[in-house]
>>> print(open('query_2.tsv').read())   # TSV, C-alpha atoms
chain	number	residue	atom	x	y	z
A	1	MET	CA	-9.22	9.42	-14.54
A	2	THR	CA	-10.91	8.08	-11.42
A	3	ILE	CA	-7.97	7.11	-9.17
A	4	LEU	CA	-4.64	8.93	-8.93
A	5	VAL	CA	-1.79	7.05	-7.26
A	6	ILE	CA	1.16	9.18	-6.13
A	7	GLY	CA	4.28	7.24	-5.29
A	8	GLY	CA	7.17	5.12	-6.34
A	9	VAL	CA	7.94	3.47	-9.65
A	10	ALA	CA	11.05	1.33	-9.85
A	11	LEU	CA	12.91	-1.34	-11.72
A	12	ASP	CA	12.81	-4.50	-9.61
A	13	ILE	CA	15.86	-6.77	-9.87
A	14	THR	CA	15.18	-10.04	-8.05
A	15	ALA	CA	17.72	-12.75	-7.30
A	16	THR	CA	16.30	-16.15	-6.29
A	17	VAL	CA	18.77	-18.64	-4.89
A	18	ALA	CA	18.78	-22.21	-6.13
A	19	ARG	CA	16.82	-24.82	-4.21
A	20	SER	CA	20.02	-26.64	-3.37
A	21	THR	CA	21.10	-23.89	-0.97
A	22	PRO	CA	20.61	-25.46	2.49
A	23	THR	CA	20.59	-22.61	5.03
A	24	LEU	CA	20.55	-18.83	5.26
A	25	SER	CA	24.08	-18.75	6.68
A	26	ALA	CA	25.31	-20.65	3.64
A	27	LEU	CA	24.24	-17.74	1.41
A	28	LEU	CA	26.43	-15.15	3.10
A	29	HIS	CA	29.88	-13.90	2.04
A	30	THR	CA	29.92	-15.81	-1.24
A	31	SER	CA	28.23	-16.04	-4.62
A	32	ASN	CA	25.31	-18.41	-5.01
A	33	PRO	CA	23.72	-20.17	-7.99
A	34	GLY	CA	20.25	-18.95	-8.85
A	35	ARG	CA	18.27	-16.89	-11.32
A	36	MET	CA	17.80	-13.16	-11.89
A	37	THR	CA	14.73	-11.33	-13.15
A	38	GLN	CA	14.02	-7.69	-13.98
A	39	THR	CA	10.44	-6.47	-13.71
A	40	LEU	CA	8.53	-3.25	-13.16
A	41	GLY	CA	7.94	-2.40	-9.53
A	42	GLY	CA	7.64	0.40	-7.04
A	43	VAL	CA	4.84	0.57	-4.48
A	44	GLY	CA	2.86	3.27	-6.25
A	45	ARG	CA	3.22	1.64	-9.66
A	46	ASN	CA	2.21	-1.75	-8.29
A	47	VAL	CA	-0.85	-0.27	-6.60
A	48	CYS	CA	-1.80	1.57	-9.78
A	49	GLU	CA	-1.44	-1.50	-12.01
A	50	ALA	CA	-3.47	-3.64	-9.60
A	51	ALA	CA	-6.22	-1.00	-9.48
A	52	MET	CA	-6.24	-0.84	-13.28
A	53	ARG	CA	-6.40	-4.63	-13.65
A	54	ALA	CA	-9.20	-4.73	-11.07
A	55	GLY	CA	-11.27	-2.46	-13.31
A	56	ALA	CA	-10.48	1.12	-12.24
A	57	ARG	CA	-9.36	4.00	-14.40
A	58	ALA	CA	-6.09	4.76	-12.64
A	59	SER	CA	-3.01	6.87	-13.31
A	60	LEU	CA	0.34	7.19	-11.56
A	61	LEU	CA	2.19	10.39	-10.62
A	62	SER	CA	5.88	9.66	-10.15
A	63	VAL	CA	9.42	10.52	-11.24
A	64	VAL	CA	12.19	8.63	-13.05
A	65	GLY	CA	15.76	9.49	-14.00
A	66	ASP	CA	17.04	10.23	-17.49
A	67	ASP	CA	18.80	6.87	-17.57
A	68	LEU	CA	18.31	3.42	-19.08
A	69	ALA	CA	16.22	2.27	-16.14
A	70	GLY	CA	13.92	5.27	-16.50
A	71	LYS	CA	13.36	4.64	-20.19
A	72	SER	CA	12.78	0.94	-19.53
A	73	ILE	CA	10.23	1.78	-16.82
A	74	GLN	CA	8.26	4.11	-19.08
A	75	GLN	CA	8.32	1.69	-22.00
A	76	GLY	CA	7.20	-1.15	-19.76
A	77	MET	CA	4.30	0.88	-18.37
A	78	GLN	CA	3.15	1.78	-21.86
A	79	GLU	CA	3.27	-1.86	-22.93
A	80	LEU	CA	0.96	-2.68	-20.00
A	81	GLY	CA	-1.48	0.03	-21.05
A	82	MET	CA	-0.56	2.28	-18.11
A	83	SER	CA	-0.53	6.02	-18.68
A	84	THR	CA	2.81	7.83	-18.39
A	85	ALA	CA	1.25	11.30	-18.62
A	86	PHE	CA	2.23	12.06	-15.02
A	87	ILE	CA	5.65	10.34	-15.09
A	88	HIS	CA	8.25	13.11	-14.93
A	89	GLU	CA	11.83	12.55	-16.11
A	90	MET	CA	14.38	14.25	-13.85
A	91	PRO	CA	17.68	15.21	-15.58
A	92	GLY	CA	20.81	13.96	-13.88
A	93	LYS	CA	18.94	11.72	-11.47
A	94	THR	CA	19.06	7.93	-11.05
A	95	SER	CA	15.82	5.99	-11.40
A	96	ALA	CA	14.64	3.98	-8.44
A	97	ILE	CA	15.86	0.39	-8.27
A	98	TYR	CA	14.75	-2.30	-5.83
A	99	ASN	CA	17.19	-5.21	-5.59
A	100	ALA	CA	15.85	-8.21	-3.64
A	101	ILE	CA	17.25	-11.60	-2.71
A	102	HIS	CA	14.66	-14.35	-2.31
A	103	ALA	CA	14.85	-17.85	-0.93
A	104	SER	CA	13.84	-20.65	-3.27
A	105	ASP	CA	10.30	-20.62	-1.78
A	106	GLY	CA	9.85	-16.93	-2.65
A	107	GLN	CA	10.33	-15.53	0.85
A	108	LEU	CA	12.34	-12.30	1.09
A	109	LEU	CA	15.82	-12.72	2.61
A	110	ALA	CA	17.23	-9.22	2.07
A	111	ALA	CA	16.83	-6.22	-0.18
A	112	VAL	CA	18.41	-2.88	-1.10
A	113	ALA	CA	16.14	-0.05	-2.20
A	114	ASP	CA	17.47	3.08	-3.93
A	115	MET	CA	14.47	5.41	-3.76
A	116	ASP	CA	16.07	8.84	-3.24
A	117	ILE	CA	14.67	10.17	-6.52
A	118	PHE	CA	11.17	10.42	-5.05
A	119	ASP	CA	12.34	13.40	-2.99
A	120	CYS	CA	12.45	15.23	-6.34
A	121	LEU	CA	8.67	15.18	-6.78
A	122	THR	CA	7.66	18.85	-6.69
A	123	SER	CA	4.69	20.69	-5.27
A	124	ASP	CA	3.81	22.00	-8.75
A	125	GLN	CA	3.68	18.45	-10.13
A	126	ILE	CA	1.44	17.32	-7.27
A	127	VAL	CA	-0.93	20.27	-7.53
A	128	ALA	CA	-1.21	19.94	-11.32
A	129	ALA	CA	-2.11	16.23	-11.10
A	130	LEU	CA	-4.66	16.65	-8.30
A	131	LYS	CA	-6.33	19.54	-10.15
A	132	VAL	CA	-7.63	16.89	-12.56
A	133	ARG	CA	-9.97	16.04	-9.64
A	134	PRO	CA	-9.67	12.25	-9.22
A	135	SER	CA	-12.44	10.73	-7.14
A	136	LEU	CA	-9.84	9.06	-4.90
A	137	SER	CA	-6.08	9.40	-4.51
A	138	CYS	CA	-3.53	7.09	-2.88
A	139	PHE	CA	0.00	8.05	-1.84
A	140	ASP	CA	2.78	5.84	-0.52
A	141	GLY	CA	5.45	6.24	2.13
A	142	ASN	CA	8.29	6.67	-0.38
A	143	LEU	CA	7.40	10.34	-0.73
A	144	SER	CA	9.01	13.15	1.23
A	145	THR	CA	7.15	14.65	4.17
A	146	GLN	CA	6.82	17.88	2.21
A	147	ALA	CA	5.20	16.01	-0.67
A	148	MET	CA	2.78	14.39	1.77
A	149	THR	CA	1.89	17.82	3.13
A	150	ASP	CA	1.33	19.19	-0.38
A	151	ILE	CA	-0.88	16.21	-1.23
A	152	ALA	CA	-2.98	16.62	1.91
A	153	SER	CA	-3.48	20.37	1.54
A	154	THR	CA	-4.34	20.16	-2.19
A	155	ALA	CA	-6.66	17.19	-1.68
A	156	LYS	CA	-8.39	19.03	1.16
A	157	GLU	CA	-8.91	22.06	-1.09
A	158	HIS	CA	-10.48	19.96	-3.85
A	159	GLY	CA	-12.41	17.53	-1.65
A	160	ILE	CA	-10.41	14.47	-2.71
A	161	PRO	CA	-10.29	11.63	-0.15
A	162	LEU	CA	-6.84	10.15	0.41
A	163	PHE	CA	-5.57	6.61	1.01
A	164	PHE	CA	-2.14	6.19	2.64
A	165	GLU	CA	-0.04	3.07	2.00
A	166	PRO	CA	2.72	3.19	4.65
A	167	THR	CA	5.30	1.07	2.70
A	168	SER	CA	7.69	0.33	5.60
A	169	ILE	CA	8.13	0.89	9.34
A	170	PRO	CA	10.27	4.07	9.14
A	171	LYS	CA	8.31	5.46	6.19
A	172	SER	CA	5.00	4.84	7.92
A	173	ARG	CA	5.85	7.47	10.55
A	174	LYS	CA	6.60	10.23	8.03
A	175	VAL	CA	2.94	11.10	7.64
A	176	PHE	CA	2.95	12.38	11.24
A	177	ASP	CA	5.80	14.86	10.70
A	178	HIS	CA	3.24	17.52	9.77
A	179	ALA	CA	0.38	16.90	12.20
A	180	GLU	CA	-1.95	19.24	10.34
A	181	SER	CA	-2.03	16.82	7.41
A	182	VAL	CA	-3.38	14.05	9.62
A	183	LEU	CA	-5.66	16.29	11.67
A	184	SER	CA	-7.25	17.74	8.52
A	185	GLY	CA	-9.26	14.53	8.16
A	186	VAL	CA	-8.57	14.25	4.43
A	187	ILE	CA	-6.60	10.99	4.83
A	188	ARG	CA	-9.55	8.62	5.09
A	189	PHE	CA	-7.83	5.23	4.68
A	190	VAL	CA	-4.56	3.65	5.84
A	191	SER	CA	-3.26	0.16	5.07
A	192	PRO	CA	-0.37	-0.80	7.39
A	193	ASN	CA	0.89	-4.28	8.09
A	194	ASP	CA	1.12	-5.32	11.74
A	195	TYR	CA	4.60	-3.82	12.26
A	196	GLU	CA	3.69	-0.55	10.57
A	197	LEU	CA	0.45	-0.44	12.57
A	198	LYS	CA	2.38	-0.52	15.85
A	199	ALA	CA	4.85	2.12	14.64
A	200	MET	CA	2.05	4.43	13.49
A	201	SER	CA	0.13	3.88	16.72
A	202	GLN	CA	3.19	4.92	18.73
A	203	ALA	CA	3.77	7.95	16.51
A	204	ALA	CA	0.14	9.03	16.95
A	205	LEU	CA	0.49	8.66	20.71
A	206	GLU	CA	3.65	10.78	20.76
A	207	GLN	CA	2.81	13.44	18.16
A	208	LEU	CA	-0.96	13.96	18.02
A	209	PRO	CA	-3.46	15.24	20.58
A	210	SER	CA	-5.24	12.47	22.44
A	211	ARG	CA	-8.88	11.76	21.74
A	212	ARG	CA	-11.66	10.06	23.62
A	213	THR	CA	-11.68	6.27	23.52
A	214	PRO	CA	-14.46	5.17	21.14
A	215	ILE	CA	-17.12	2.56	21.78
A	216	LEU	CA	-16.19	-0.77	20.20
A	217	GLN	CA	-18.55	-2.96	18.21
A	218	ARG	CA	-16.78	-6.22	17.45
A	219	SER	CA	-18.03	-8.65	14.82
A	220	PRO	CA	-18.40	-12.38	15.59
A	221	SER	CA	-15.54	-12.96	13.13
A	222	PHE	CA	-13.21	-10.81	15.19
A	223	GLU	CA	-14.09	-12.63	18.37
A	224	LYS	CA	-12.85	-15.82	16.68
A	225	ALA	CA	-9.66	-14.21	15.33
A	226	PRO	CA	-6.23	-15.50	16.44
A	227	ALA	CA	-4.95	-14.03	19.71
A	228	GLY	CA	-2.17	-12.20	17.89
A	229	VAL	CA	-4.70	-10.41	15.72
A	230	GLN	CA	-6.86	-9.45	18.69
A	231	ALA	CA	-3.77	-8.00	20.39
A	232	LEU	CA	-3.47	-5.47	17.55
A	233	LEU	CA	-6.91	-3.99	18.19
A	234	SER	CA	-5.83	-1.24	20.57
A	235	HIS	CA	-3.32	0.07	18.01
A	236	ALA	CA	-5.86	0.06	15.19
A	237	VAL	CA	-8.45	1.78	17.38
A	238	ARG	CA	-5.97	4.51	18.28
A	239	LEU	CA	-5.23	5.13	14.60
A	240	SER	CA	-8.94	5.21	13.77
A	241	ASN	CA	-9.18	8.37	15.86
A	242	TYR	CA	-7.32	10.12	13.04
A	243	PHE	CA	-7.86	7.87	9.98
A	244	PRO	CA	-11.50	6.68	9.80
A	245	HIS	CA	-10.68	3.38	8.05
A	246	VAL	CA	-7.71	1.32	9.27
A	247	ILE	CA	-7.09	-1.75	7.09
A	248	THR	CA	-4.32	-3.89	8.57
A	249	LYS	CA	-2.71	-6.38	6.19
A	250	LEU	CA	-1.72	-9.52	8.09
A	251	GLY	CA	-0.56	-11.83	5.30
A	252	ARG	CA	-1.17	-15.43	6.31
A	253	GLU	CA	-3.26	-14.19	9.26
A	254	GLY	CA	-5.77	-12.35	7.06
A	255	CYS	CA	-6.98	-8.77	7.44
A	256	LEU	CA	-8.18	-6.63	10.36
A	257	TYR	CA	-10.61	-3.78	9.64
A	258	VAL	CA	-11.37	-0.99	12.12
A	259	GLY	CA	-13.63	1.85	10.99
A	260	GLN	CA	-14.71	4.73	13.20
A	261	THR	CA	-17.58	7.19	12.90
A	262	GLN	CA	-19.27	9.36	15.52
A	263	GLY	CA	-17.29	7.80	18.36
A	264	ILE	CA	-18.10	4.20	17.46
A	265	CYS	CA	-15.50	1.72	16.16
A	266	HIS	CA	-16.70	-1.12	13.99
A	267	VAL	CA	-14.26	-4.02	14.14
A	268	ASP	CA	-14.14	-6.93	11.70
A	269	TYR	CA	-11.71	-9.67	10.76
A	270	LEU	CA	-11.28	-11.63	7.54
A	271	ALA	CA	-9.27	-14.83	7.56
A	272	ALA	CA	-6.72	-15.25	4.78
A	273	GLU	CA	-7.75	-16.67	1.45
A	274	PRO	CA	-6.53	-20.28	1.07
A	275	VAL	CA	-3.41	-20.70	-1.05
A	276	ASP	CA	-1.28	-23.73	-1.86
A	277	PRO	CA	2.19	-22.99	-0.42
A	278	THR	CA	3.84	-24.84	-3.29
A	279	ALA	CA	2.17	-22.43	-5.75
A	280	ILE	CA	3.76	-19.32	-4.20
A	281	HIS	CA	6.38	-17.74	-6.47
A	282	SER	CA	7.12	-14.52	-4.57
A	283	VAL	CA	5.66	-12.34	-1.82
A	284	THR	CA	6.85	-9.14	-3.55
A	285	GLY	CA	3.94	-6.96	-4.57
A	286	ALA	CA	1.22	-8.94	-2.78
A	287	GLY	CA	0.48	-6.17	-0.28
A	288	ASP	CA	0.54	-3.52	-3.01
A	289	THR	CA	-1.81	-5.64	-5.11
A	290	PHE	CA	-4.19	-5.90	-2.17
A	291	VAL	CA	-4.28	-2.10	-1.85
A	292	GLY	CA	-4.79	-1.56	-5.58
A	293	ALA	CA	-7.72	-3.98	-5.72
A	294	VAL	CA	-9.23	-2.38	-2.60
A	295	LEU	CA	-8.95	1.05	-4.25
A	296	ALA	CA	-10.68	-0.21	-7.39
A	297	HIS	CA	-13.55	-1.73	-5.45
A	298	LEU	CA	-13.88	1.32	-3.19
A	299	ASP	CA	-14.36	3.29	-6.39
A	300	LYS	CA	-17.01	0.83	-7.57
A	301	HIS	CA	-18.85	1.23	-4.26
A	302	GLY	CA	-18.90	5.02	-4.64
A	303	GLY	CA	-15.82	5.86	-2.60
A	304	GLU	CA	-16.34	5.31	1.13
A	305	PRO	CA	-18.82	2.86	2.65
A	306	GLU	CA	-19.87	3.60	6.21
A	307	PRO	CA	-17.86	1.65	8.81
A	308	ALA	CA	-21.08	-0.01	9.92
A	309	ASP	CA	-21.65	-1.42	6.41
A	310	ALA	CA	-19.92	-4.71	7.14
A	311	LYS	CA	-21.26	-6.36	3.98
A	312	ALA	CA	-19.70	-3.71	1.72
A	313	TRP	CA	-16.38	-3.71	3.54
A	314	ARG	CA	-16.10	-7.48	3.58
A	315	ALA	CA	-16.80	-7.60	-0.16
A	316	ILE	CA	-14.16	-4.92	-0.86
A	317	LEU	CA	-11.49	-6.48	1.34
A	318	LYS	CA	-12.22	-9.97	0.01
A	319	GLN	CA	-11.49	-8.71	-3.51
A	320	GLY	CA	-8.17	-7.34	-2.27
A	321	GLN	CA	-7.27	-10.68	-0.69
A	322	ARG	CA	-8.13	-12.63	-3.83
A	323	ALA	CA	-6.01	-10.31	-5.96
A	324	ALA	CA	-3.09	-10.66	-3.53
A	325	VAL	CA	-3.26	-14.45	-3.78
A	326	LEU	CA	-2.97	-14.24	-7.55
A	327	THR	CA	0.15	-12.10	-7.19
A	328	LEU	CA	1.64	-14.57	-4.70
A	329	GLN	CA	1.31	-17.16	-7.48
A	330	SER	CA	3.00	-14.88	-10.02
A	331	SER	CA	6.65	-14.04	-10.67
A	332	LEU	CA	5.59	-10.44	-11.37
A	333	ALA	CA	4.90	-7.67	-8.85
A	334	VAL	CA	1.24	-7.68	-9.96
A	335	SER	CA	-0.42	-10.74	-11.43
A	336	PRO	CA	-1.73	-10.33	-15.00
A	337	ARG	CA	-4.53	-12.76	-14.02
A	338	ILE	CA	-6.27	-10.08	-11.92
A	339	GLN	CA	-9.59	-9.09	-13.47
A	340	PRO	CA	-12.43	-6.72	-12.49
A	341	SER	CA	-14.39	-9.71	-11.22
A	342	LEU	CA	-12.33	-11.90	-8.90
>>> encode(input="query_2.tsv", output="structure tokens")
Amino acid sequence: MTILVIGGVALDITATVARSTPTLSALLHTSNPGRMTQTLGGVGRNVCEAAMRAGARASLLSVVGDDLAGKSIQQGMQELGMSTAFIHEMPGKTSAIYNAIHASDGQLLAAVADMDIFDCLTSDQIVAALKVRPSLSCFDGNLSTQAMTDIASTAKEHGIPLFFEPTSIPKSRKVFDHAESVLSGVIRFVSPNDYELKAMSQAALEQLPSRRTPILQRSPSFEKAPAGVQALLSHAVRLSNYFPHVITKLGREGCLYVGQTQGICHVDYLAAEPVDPTAIHSVTGAGDTFVGAVLAHLDKHGGEPEPADAKAWRAILKQGQRAAVLTLQSSLAVSPRIQPSL
């Protein structure tokens, strides 16, 4: 095993309304014609599958209930060739289910996520999995703050670099609840979207000791980035004081990279990969796919390129963007078209 992903695995139930539905208000307080699909999901599982499809040896540590959904999840993972060695079945618990409602163009309208089971992940399960010594481990924001603390302390002990996928605005702040986990320096990478970036920046300002403002080295690409992207720089720079590599997912606006070493921040921007809007099936899983592909290509590059190595970082992030586009064009949470060479 090269990459260990620690996080959520769920059954995704997606309702897509029919194209004839005219407005959002028309969907409310009544039933609507459409179609329903059930697929494997969960942030951690999606990241793990994407990493595997992008060429990495990856395993997932997670929990499911002893119910039909849990059995379906494990069977589905096995059919995809994903290991279930670290999937723990919790008696009397309900497996995670993510129920989303999409517009006919694939955009998310609303969702309900039942993810309480992930609080059941134990310290012993985390320690046992990390003792296998993966070269890189990723954890998502679905986990409890205690689990995050256990991951950070065990990874620090074994010299395992960590990648944090924030998952949502409220979950993105959980990593700061135990400041020692962040200040240990073991969490090397974070991948927020723009909203999560701002929330994490504010949490760092409120909960962590301040640090000296680094020197900025902006790439020509960043100087040409949209004004909205440039406005995010101060937040990413603040986070880079605690997480050396801040990778901000911006969807249609591309990707902002800020990497800090020895008091110098290297700033780069990648525009979004072109995609035909009519080919988009769903946005679900695109961000997770991006992270999984980035993990796989970090592993191929030996783990952690220097922030100044713009060529390596652009190549890694470009692979993540290309994988995400394939998932946008798929009805699944991770596109089966993703291959080690994109």
>>> atom_distance(input="query_2.tsv", atom1="CA of Ile73 (chain A)", atom2="CA of Val9 (chain A)")
7.7 Å
>>> residues_around(input="query_2.tsv", residues="Leu256 (chain A)", least_positions_apart="2", cutoff="6 Å", atoms="only C-alpha atoms", output="VMD selection string")
chain A and resid 247 to 248 269
>>> closest_residue(input="query_2.tsv", among="A:Leu183, A:Leu270, A:Ser210, A:Gly285", to="Lys224 (chain A)", atoms="all atoms listed in the file")
A:Leu270
>>> residues_around(input="query_2.tsv", residues="region 239-241 of chain A", least_positions_apart="3", cutoff="7 Å", atoms="all atoms listed in the file", output="number ranges by chain")
A: 201, 211, 235-236, 244-246, 258-260
>>> write_last_selection(input="query_2.tsv", atoms="C-alpha atoms", output="PDB file, in the coordinates of the input")
ATOM      1  CA  SER A 201       0.130   3.880  16.720  1.00  0.00           C
ATOM      2  CA  ARG A 211      -8.880  11.760  21.740  1.00  0.00           C
ATOM      3  CA  HIS A 235      -3.320   0.070  18.010  1.00  0.00           C
ATOM      4  CA  ALA A 236      -5.860   0.060  15.190  1.00  0.00           C
ATOM      5  CA  PRO A 244     -11.500   6.680   9.800  1.00  0.00           C
ATOM      6  CA  HIS A 245     -10.680   3.380   8.050  1.00  0.00           C
ATOM      7  CA  VAL A 246      -7.710   1.320   9.270  1.00  0.00           C
ATOM      8  CA  VAL A 258     -11.370  -0.990  12.120  1.00  0.00           C
ATOM      9  CA  GLY A 259     -13.630   1.850  10.990  1.00  0.00           C
ATOM     10  CA  GLN A 260     -14.710   4.730  13.200  1.00  0.00           C
TER      11      GLN A 260
END
>>> residues_around(input="query_2.tsv", residues="Leu342 (chain A)", least_positions_apart="3", cutoff="12 Å", atoms="only C-alpha atoms", output="PyMOL selection string")
chain A and resi 53-55+293-294+296-297+315-326+337-339
>>> closest_residue(input="query_2.tsv", among="A:Val237, A:Ala199, A:Val43, A:Val17", to="Thr167 (chain A)", atoms="all atoms listed in the file")
A:Val43
>>> closest_residue(input="query_2.tsv", among="A:Ala271, A:Ile264, A:Ala26, A:Met82", to="Pro214 (chain A)", atoms="all atoms listed in the file")
A:Ile264
>>> atom_distance(input="query_2.tsv", atom1="CA of Pro192 (chain A)", atom2="CA of Ser172 (chain A)")
7.8 Å
>>> atom_distance(input="query_2.tsv", atom1="CA of Val275 (chain A)", atom2="CA of Lys249 (chain A)")
16.1 Å
>>> closest_atom_pairs(input="query_2.tsv", of="region 270-335 of chain A", to="region 111-135 of chain A", cutoff="9 Å", atoms="all atoms listed in the file", output="CSV")
residue,atom,partner,partner_atom,distance
A:Asp299,CA,A:Ser135,CA,7.7
A:Gly302,CA,A:Ser135,CA,9.0
A:Gly303,CA,A:Ser135,CA,7.5
>>> residues_near_point(input="query_2.tsv", point="(-6.0, -17.1, 10.3)", cutoff="10 Å", atoms="only C-alpha atoms", output="list of chain:residue names")
A:Lys224, A:Ala225, A:Pro226, A:Ala227, A:Gly228, A:Val229, A:Leu250, A:Gly251, A:Arg252, A:Glu253, A:Gly254, A:Cys255, A:Tyr269, A:Leu270, A:Ala271, A:Ala272, A:Glu273, A:Pro274
>>> closest_residue(input="query_2.tsv", among="A:Asp276, A:Pro170, A:Gln146, A:Ala110", to="Leu24 (chain A)", atoms="all atoms listed in the file")
A:Ala110
>>> residues_around(input="query_2.tsv", residues="Arg218 (chain A)", least_positions_apart="6", cutoff="8 Å", atoms="all atoms listed in the file", output="list in words")
His266, Val267 and Asp268 of chain A
>>> residues_around(input="query_2.tsv", residues="Ile160 (chain A)", least_positions_apart="2", cutoff="10 Å", atoms="all atoms listed in the file", output="list in words")
Leu130, Lys131, Arg133, Pro134, Ser135, Leu136, Ser137, Ile151, Ala152, Thr154, Ala155, Lys156, Glu157, His158, Leu162, Phe163, Val186, Ile187 and Arg188 of chain A
>>> write_last_selection(input="query_2.tsv", atoms="C-alpha atoms", output="short mmCIF file (atom, residue, chain, number, x, y, z; two decimals), in the coordinates of the input")
data_model
loop_
_atom_site.label_atom_id
_atom_site.label_comp_id
_atom_site.auth_asym_id
_atom_site.auth_seq_id
_atom_site.Cartn_x
_atom_site.Cartn_y
_atom_site.Cartn_z
CA LEU A 130 -4.66 16.65 -8.30
CA LYS A 131 -6.33 19.54 -10.15
CA ARG A 133 -9.97 16.04 -9.64
CA PRO A 134 -9.67 12.25 -9.22
CA SER A 135 -12.44 10.73 -7.14
CA LEU A 136 -9.84 9.06 -4.90
CA SER A 137 -6.08 9.40 -4.51
CA ILE A 151 -0.88 16.21 -1.23
CA ALA A 152 -2.98 16.62 1.91
CA THR A 154 -4.34 20.16 -2.19
CA ALA A 155 -6.66 17.19 -1.68
CA LYS A 156 -8.39 19.03 1.16
CA GLU A 157 -8.91 22.06 -1.09
CA HIS A 158 -10.48 19.96 -3.85
CA LEU A 162 -6.84 10.15 0.41
CA PHE A 163 -5.57 6.61 1.01
CA VAL A 186 -8.57 14.25 4.43
CA ILE A 187 -6.60 10.99 4.83
CA ARG A 188 -9.55 8.62 5.09
#
>>> closest_residue(input="query_2.tsv", among="A:Ala312, A:Val334, A:Ala18, A:Ala147", to="Cys48 (chain A)", atoms="only C-alpha atoms")
A:Val334
>>> residues_near_point(input="query_2.tsv", point="(6.5, 5.6, -21.2)", cutoff="12 Å", atoms="all atoms listed in the file", output="ChimeraX atom specification")
/A:9,60,62-64,69-89
>>> closest_residue(input="query_2.tsv", among="A:Val5, A:Leu40, A:Leu197, A:Leu295", to="Leu332 (chain A)", atoms="all atoms listed in the file")
A:Leu40
>>> closest_atom_pairs(input="query_2.tsv", of="region 259-321 of chain A", to="region 104-107 of chain A", cutoff="7 Å", atoms="only C-alpha atoms", output="JSON lines")
{"residue": "A:Ile280", "atom": "CA", "partner": "A:Gly106", "partner_atom": "CA", "distance": 6.7}
{"residue": "A:His281", "atom": "CA", "partner": "A:Gly106", "partner_atom": "CA", "distance": 5.2}
{"residue": "A:Ser282", "atom": "CA", "partner": "A:Gly106", "partner_atom": "CA", "distance": 4.1}
{"residue": "A:Val283", "atom": "CA", "partner": "A:Gln107", "partner_atom": "CA", "distance": 6.3}
>>> write_last_selection(input="query_2.tsv", atoms="C-alpha atoms", output="PDB file, in the frame of the given file")
ATOM      1  CA  ILE A 280       3.760 -19.320  -4.200  1.00  0.00           C
ATOM      2  CA  HIS A 281       6.380 -17.740  -6.470  1.00  0.00           C
ATOM      3  CA  SER A 282       7.120 -14.520  -4.570  1.00  0.00           C
ATOM      4  CA  VAL A 283       5.660 -12.340  -1.820  1.00  0.00           C
TER       5      VAL A 283
END
